[in-house]
>>> print(open('structure22.pdb').read())   # PDB, C-alpha atoms
ATOM      1  CA  MET L   3     -16.131 -22.326  -6.923
ATOM      2  CA  SER L   4     -12.608 -20.888  -6.558
ATOM      3  CA  LEU L   5     -12.655 -19.338 -10.021
ATOM      4  CA  ARG L   6     -16.015 -17.719  -9.252
ATOM      5  CA  LEU L   7     -14.311 -15.733  -6.481
ATOM      6  CA  GLY L   8     -10.806 -15.286  -7.887
ATOM      7  CA  LEU L   9     -11.623 -14.245 -11.450
ATOM      8  CA  PRO L  10     -13.851 -11.259 -10.513
ATOM      9  CA  ILE L  11     -11.141 -10.089  -8.109
ATOM     10  CA  ALA L  12      -8.534 -10.424 -10.875
ATOM     11  CA  ALA L  13     -10.793  -8.509 -13.276
ATOM     12  CA  GLY L  14     -11.449  -5.758 -10.729
ATOM     13  CA  ILE L  15      -7.742  -5.328  -9.997
ATOM     14  CA  LEU L  16      -6.961  -5.300 -13.720
ATOM     15  CA  LEU L  17      -9.624  -2.661 -14.436
ATOM     16  CA  ALA L  18      -8.557  -0.456 -11.510
ATOM     17  CA  ASP L  19      -4.907  -0.770 -12.507
ATOM     18  CA  GLN L  20      -5.436   0.072 -16.165
ATOM     19  CA  ALA L  21      -7.863   2.927 -15.372
ATOM     20  CA  SER L  22      -5.370   4.458 -12.930
ATOM     21  CA  LYS L  23      -2.578   4.220 -15.508
ATOM     22  CA  TRP L  24      -4.782   5.798 -18.162
ATOM     23  CA  TRP L  25      -5.536   8.653 -15.753
ATOM     24  CA  ILE L  26      -1.843   9.079 -14.852
ATOM     25  CA  LEU L  27      -0.715   9.127 -18.491
ATOM     26  CA  ASP L  28      -3.569  10.892 -20.302
ATOM     27  CA  VAL L  29      -5.287  13.100 -17.721
ATOM     28  CA  ALA L  30      -2.639  14.029 -15.154
ATOM     29  CA  ARG L  31       0.052  13.803 -17.878
ATOM     30  CA  LEU L  32       2.555  12.674 -15.270
ATOM     31  CA  PRO L  33       5.339  11.870 -17.784
ATOM     32  CA  GLU L  34       5.401  15.591 -18.665
ATOM     33  CA  VAL L  35       4.805  16.905 -15.138
ATOM     34  CA  GLY L  36       7.183  14.476 -13.378
ATOM     35  CA  SER L  37       5.723  14.626  -9.867
ATOM     36  CA  ILE L  38       2.553  15.785  -8.128
ATOM     37  CA  PRO L  39       2.458  16.166  -4.321
ATOM     38  CA  VAL L  40      -0.670  14.507  -2.883
ATOM     39  CA  LEU L  41      -0.291  14.347   0.893
ATOM     40  CA  GLN L  42       2.134  15.736   3.451
ATOM     41  CA  ALA L  43       1.561  14.767   7.100
ATOM     42  CA  GLY L  44       4.580  15.527   9.229
ATOM     43  CA  PRO L  45       7.393  13.237   8.101
ATOM     44  CA  PHE L  46       5.029  11.192   5.894
ATOM     45  CA  ALA L  47       4.395  12.011   2.246
ATOM     46  CA  LEU L  48       2.553  10.556  -0.696
ATOM     47  CA  ASP L  49       3.326  11.823  -4.184
ATOM     48  CA  LEU L  50       2.541  10.809  -7.728
ATOM     49  CA  THR L  51       5.945  10.380  -9.368
ATOM     50  CA  MET L  52       6.424   9.017 -12.888
ATOM     51  CA  VAL L  53       8.730   6.010 -13.207
ATOM     52  CA  TRP L  54       8.993   3.690 -16.204
ATOM     53  CA  ASN L  55      10.016   0.363 -14.654
ATOM     54  CA  ARG L  56      11.868  -1.706 -17.241
ATOM     55  CA  GLY L  57      12.638  -4.474 -14.759
ATOM     56  CA  VAL L  58      10.599  -6.487 -12.306
ATOM     57  CA  THR L  59      10.051  -5.870  -8.595
ATOM     58  CA  PHE L  60      12.340  -3.098  -7.298
ATOM     59  CA  GLY L  61      13.692  -2.654 -10.867
ATOM     60  CA  LEU L  62      15.503  -6.009 -10.855
ATOM     61  CA  LEU L  63      16.413  -7.457 -14.262
ATOM     62  CA  SER L  64      16.141  -4.036 -15.902
ATOM     63  CA  GLY L  65      17.094  -3.761 -19.537
ATOM     64  CA  ASN L  66      16.379  -1.739 -22.652
ATOM     65  CA  GLY L  67      16.658  -4.282 -25.471
ATOM     66  CA  SER L  68      13.613  -4.800 -27.679
ATOM     67  CA  TRP L  69      13.561  -8.462 -26.665
ATOM     68  CA  HIS L  70      13.835  -7.672 -22.960
ATOM     69  CA  HIS L  71      10.331  -6.326 -22.286
ATOM     70  CA  LEU L  72       8.791  -9.120 -24.355
ATOM     71  CA  ALA L  73      10.739 -11.775 -22.430
ATOM     72  CA  LEU L  74       9.576 -10.307 -19.105
ATOM     73  CA  ALA L  75       5.994 -10.082 -20.405
ATOM     74  CA  LEU L  76       6.082 -13.738 -21.512
ATOM     75  CA  LEU L  77       7.510 -14.809 -18.156
ATOM     76  CA  ALA L  78       4.798 -12.895 -16.281
ATOM     77  CA  ALA L  79       2.093 -14.327 -18.556
ATOM     78  CA  ALA L  80       3.377 -17.867 -17.925
ATOM     79  CA  ILE L  81       3.326 -17.237 -14.170
ATOM     80  CA  ALA L  82      -0.222 -15.847 -14.421
ATOM     81  CA  ALA L  83      -1.306 -19.010 -16.295
ATOM     82  CA  PHE L  84       0.219 -21.171 -13.545
ATOM     83  CA  LEU L  85      -1.567 -19.098 -10.897
ATOM     84  CA  LEU L  86      -4.898 -19.414 -12.751
ATOM     85  CA  ARG L  87      -4.520 -23.184 -12.676
ATOM     86  CA  TRP L  88      -3.738 -22.996  -8.944
ATOM     87  CA  MET L  89      -6.763 -20.727  -8.443
ATOM     88  CA  ALA L  90      -9.044 -23.295 -10.105
ATOM     89  CA  ARG L  91      -7.894 -25.814  -7.472
ATOM     90  CA  ALA L  92      -7.721 -23.446  -4.486
ATOM     91  CA  GLU L  93      -8.575 -25.094  -1.178
ATOM     92  CA  ASN L  94     -10.240 -22.065   0.407
ATOM     93  CA  ARG L  95     -11.642 -18.609  -0.279
ATOM     94  CA  LEU L  96      -8.581 -16.754   0.996
ATOM     95  CA  THR L  97      -6.308 -18.600  -1.429
ATOM     96  CA  ALA L  98      -8.693 -17.984  -4.342
ATOM     97  CA  ALA L  99      -8.976 -14.264  -3.492
ATOM     98  CA  ALA L 100      -5.218 -13.851  -3.003
ATOM     99  CA  LEU L 101      -4.484 -15.588  -6.297
ATOM    100  CA  GLY L 102      -7.064 -13.350  -7.986
ATOM    101  CA  ALA L 103      -5.197 -10.285  -6.714
ATOM    102  CA  VAL L 104      -1.844 -11.618  -7.921
ATOM    103  CA  VAL L 105      -3.202 -12.644 -11.329
ATOM    104  CA  GLY L 106      -4.988  -9.323 -11.882
ATOM    105  CA  GLY L 107      -1.850  -7.411 -10.961
ATOM    106  CA  ALA L 108       0.412  -9.589 -13.094
ATOM    107  CA  ILE L 109      -1.815  -9.192 -16.148
ATOM    108  CA  GLY L 110      -1.980  -5.428 -15.606
ATOM    109  CA  ASN L 111       1.798  -5.210 -15.665
ATOM    110  CA  VAL L 112       2.023  -7.558 -18.687
ATOM    111  CA  ILE L 113      -0.265  -5.186 -20.597
ATOM    112  CA  ASP L 114       2.093  -2.294 -19.766
ATOM    113  CA  ARG L 115       5.153  -4.215 -20.952
ATOM    114  CA  VAL L 116       3.496  -5.081 -24.251
ATOM    115  CA  ARG L 117       2.100  -1.548 -24.793
ATOM    116  CA  PHE L 118       4.965   0.581 -23.514
ATOM    117  CA  GLY L 119       8.002  -1.683 -23.101
ATOM    118  CA  ALA L 120       7.944  -0.862 -19.374
ATOM    119  CA  VAL L 121       5.551  -0.791 -16.423
ATOM    120  CA  VAL L 122       3.886   2.501 -15.450
ATOM    121  CA  ASP L 123       4.733   3.122 -11.767
ATOM    122  CA  PHE L 124       3.564   6.284 -10.022
ATOM    123  CA  VAL L 125       2.767   5.910  -6.282
ATOM    124  CA  ASP L 126       5.670   7.299  -4.250
ATOM    125  CA  ALA L 127       5.294   6.892  -0.467
ATOM    126  CA  SER L 128       7.945   8.206   1.913
ATOM    127  CA  ALA L 129       8.644   8.753   5.585
ATOM    128  CA  TRP L 130      11.481  10.787   7.114
ATOM    129  CA  ASP L 131      12.848  11.348   3.581
ATOM    130  CA  TRP L 132      13.121   7.577   3.035
ATOM    131  CA  HIS L 133      11.277   6.465  -0.117
ATOM    132  CA  TRP L 134       9.912   3.014  -0.749
ATOM    133  CA  TYR L 135      10.003   1.885  -4.346
ATOM    134  CA  VAL L 136       7.560   3.655  -6.650
ATOM    135  CA  PHE L 137       4.677   1.299  -7.433
ATOM    136  CA  ASN L 138       1.210   1.009  -8.979
ATOM    137  CA  ILE L 139      -2.115  -0.670  -8.162
ATOM    138  CA  ALA L 140      -1.017  -3.922  -9.818
ATOM    139  CA  ASP L 141       2.134  -4.051  -7.672
ATOM    140  CA  ALA L 142       0.136  -3.392  -4.496
ATOM    141  CA  ALA L 143      -2.322  -6.172  -5.388
ATOM    142  CA  ILE L 144       0.526  -8.605  -6.054
ATOM    143  CA  VAL L 145       2.218  -7.813  -2.737
ATOM    144  CA  CYS L 146      -1.043  -8.063  -0.759
ATOM    145  CA  GLY L 147      -1.934 -11.315  -2.512
ATOM    146  CA  VAL L 148       1.448 -12.870  -1.771
ATOM    147  CA  ILE L 149       1.246 -11.769   1.890
ATOM    148  CA  ALA L 150      -2.200 -13.411   2.146
ATOM    149  CA  LEU L 151      -0.879 -16.627   0.553
ATOM    150  CA  VAL L 152       2.077 -16.768   2.958
ATOM    151  CA  ALA L 153      -0.155 -16.036   5.972
ATOM    152  CA  ASP L 154      -2.582 -18.735   4.870
ATOM    153  CA  ALA L 155       0.229 -21.252   4.459
ATOM    154  CA  LEU L 156       1.721 -20.401   7.855
ATOM    155  CA  PHE L 157      -1.403 -20.045   9.980
ATOM    156  CA  ARG L 158      -4.123 -22.232   8.458
ATOM    157  CA  PRO L 159      -4.907 -25.137  10.796
ATOM    158  CA  LYS L 160      -3.521 -28.357   9.394
ATOM    159  CA  PRO L 161      -6.081 -31.156   9.030
ATOM    160  CA  GLY L 162      -5.662 -33.992  11.502
ATOM    161  CA  LEU L 163      -3.571 -31.994  13.986
ATOM    162  CA  LYS L 164      -4.932 -31.348  17.466
ATOM    163  CA  GLU L 165      -4.363 -28.034  19.166
ATOM    164  CA  GLY L 166      -1.364 -27.973  21.461
ATOM    165  CA  THR L 167       0.520 -30.753  19.661
TER     166      THR L 167
END
>>> encode(input="structure22.pdb", output="structure tokens")
Amino acid sequence: MSLRLGLPIAAGILLADQASKWWILDVARLPEVGSIPVLQAGPFALDLTMVWNRGVTFGLLSGNGSWHHLALALLAAAIAAFLLRWMARAENRLTAAALGAVVGGAIGNVIDRVRFGAVVDFVDASAWDWHWYVFNIADAAIVCGVIALVADALFRPKPGLKEGT
């Protein structure tokens, strides 16, 4: 039952991620353009800004060696396999859906590492001239999935416990 929910979510995230990256690279040609302003609302801004992320979250573990992107891709693929196994045994729908989001995002970024040697990041959100890291749909799905997993772990009622104890 868990895979029936999680796998379509993973596939949807993967398709949306790869379609958005195709559009960024081949239609908008962001590597050539560099940046495209999308929204300006007072101190808030949203731009499309091309970044080739050779590391992991926030650019950690960045490197340029030919082995480096393959090692990160293998690590991410191993994590995705572990998460798929977890998804198959998920205890509830929220866990299955959250794991689907994380798996879809992880696979999307693995595809980038294998194809390009780096992850295609392009969403640049800022407020009061402070920029968050530049990210993509896969990254957003991973973050939202992890937040849902943490919330579920923290707030799901524990079996056998009475309220107020």
>>> resolve_selection(input="structure22.pdb", expression="the PyMOL selection byres ((chain L and resi 45) around 9)", output="list of chain:residue names")
L:Gln42, L:Ala43, L:Gly44, L:Phe46, L:Ala47, L:Ser128, L:Ala129, L:Trp130, L:Asp131
>>> atom_distance(input="structure22.pdb", atom1="atom CA of L:Cys146", atom2="atom CA of L:Ala100")
7.5 Å
>>> atom_distance(input="structure22.pdb", atom1="atom CA of L:Ala155", atom2="atom CA of L:Gly102")
16.4 Å
>>> atom_distance(input="structure22.pdb", atom1="atom CA of L:Arg87", atom2="atom CA of L:Ala108")
14.5 Å
>>> resolve_selection(input="structure22.pdb", expression="the PyMOL selection byres ((chain L and resi 110) around 12)", output="ChimeraX atom specification")
/L:12-24,75,78-79,82,103-109,111-117,120-123,138-144
>>> resolve_selection(input="structure22.pdb", expression="the PyMOL selection byres ((chain L and resi 53) around 8)", output="MDAnalysis selection string")
chainID L and resid 51:52 54:55 122:124 136
>>> residues_around(input="structure22.pdb", residues="L:Arg95", least_positions_apart="2", cutoff="9 Å", atoms="only C-alpha atoms", output="ChimeraX atom specification")
/L:3-4,7-8,92-93,97-100
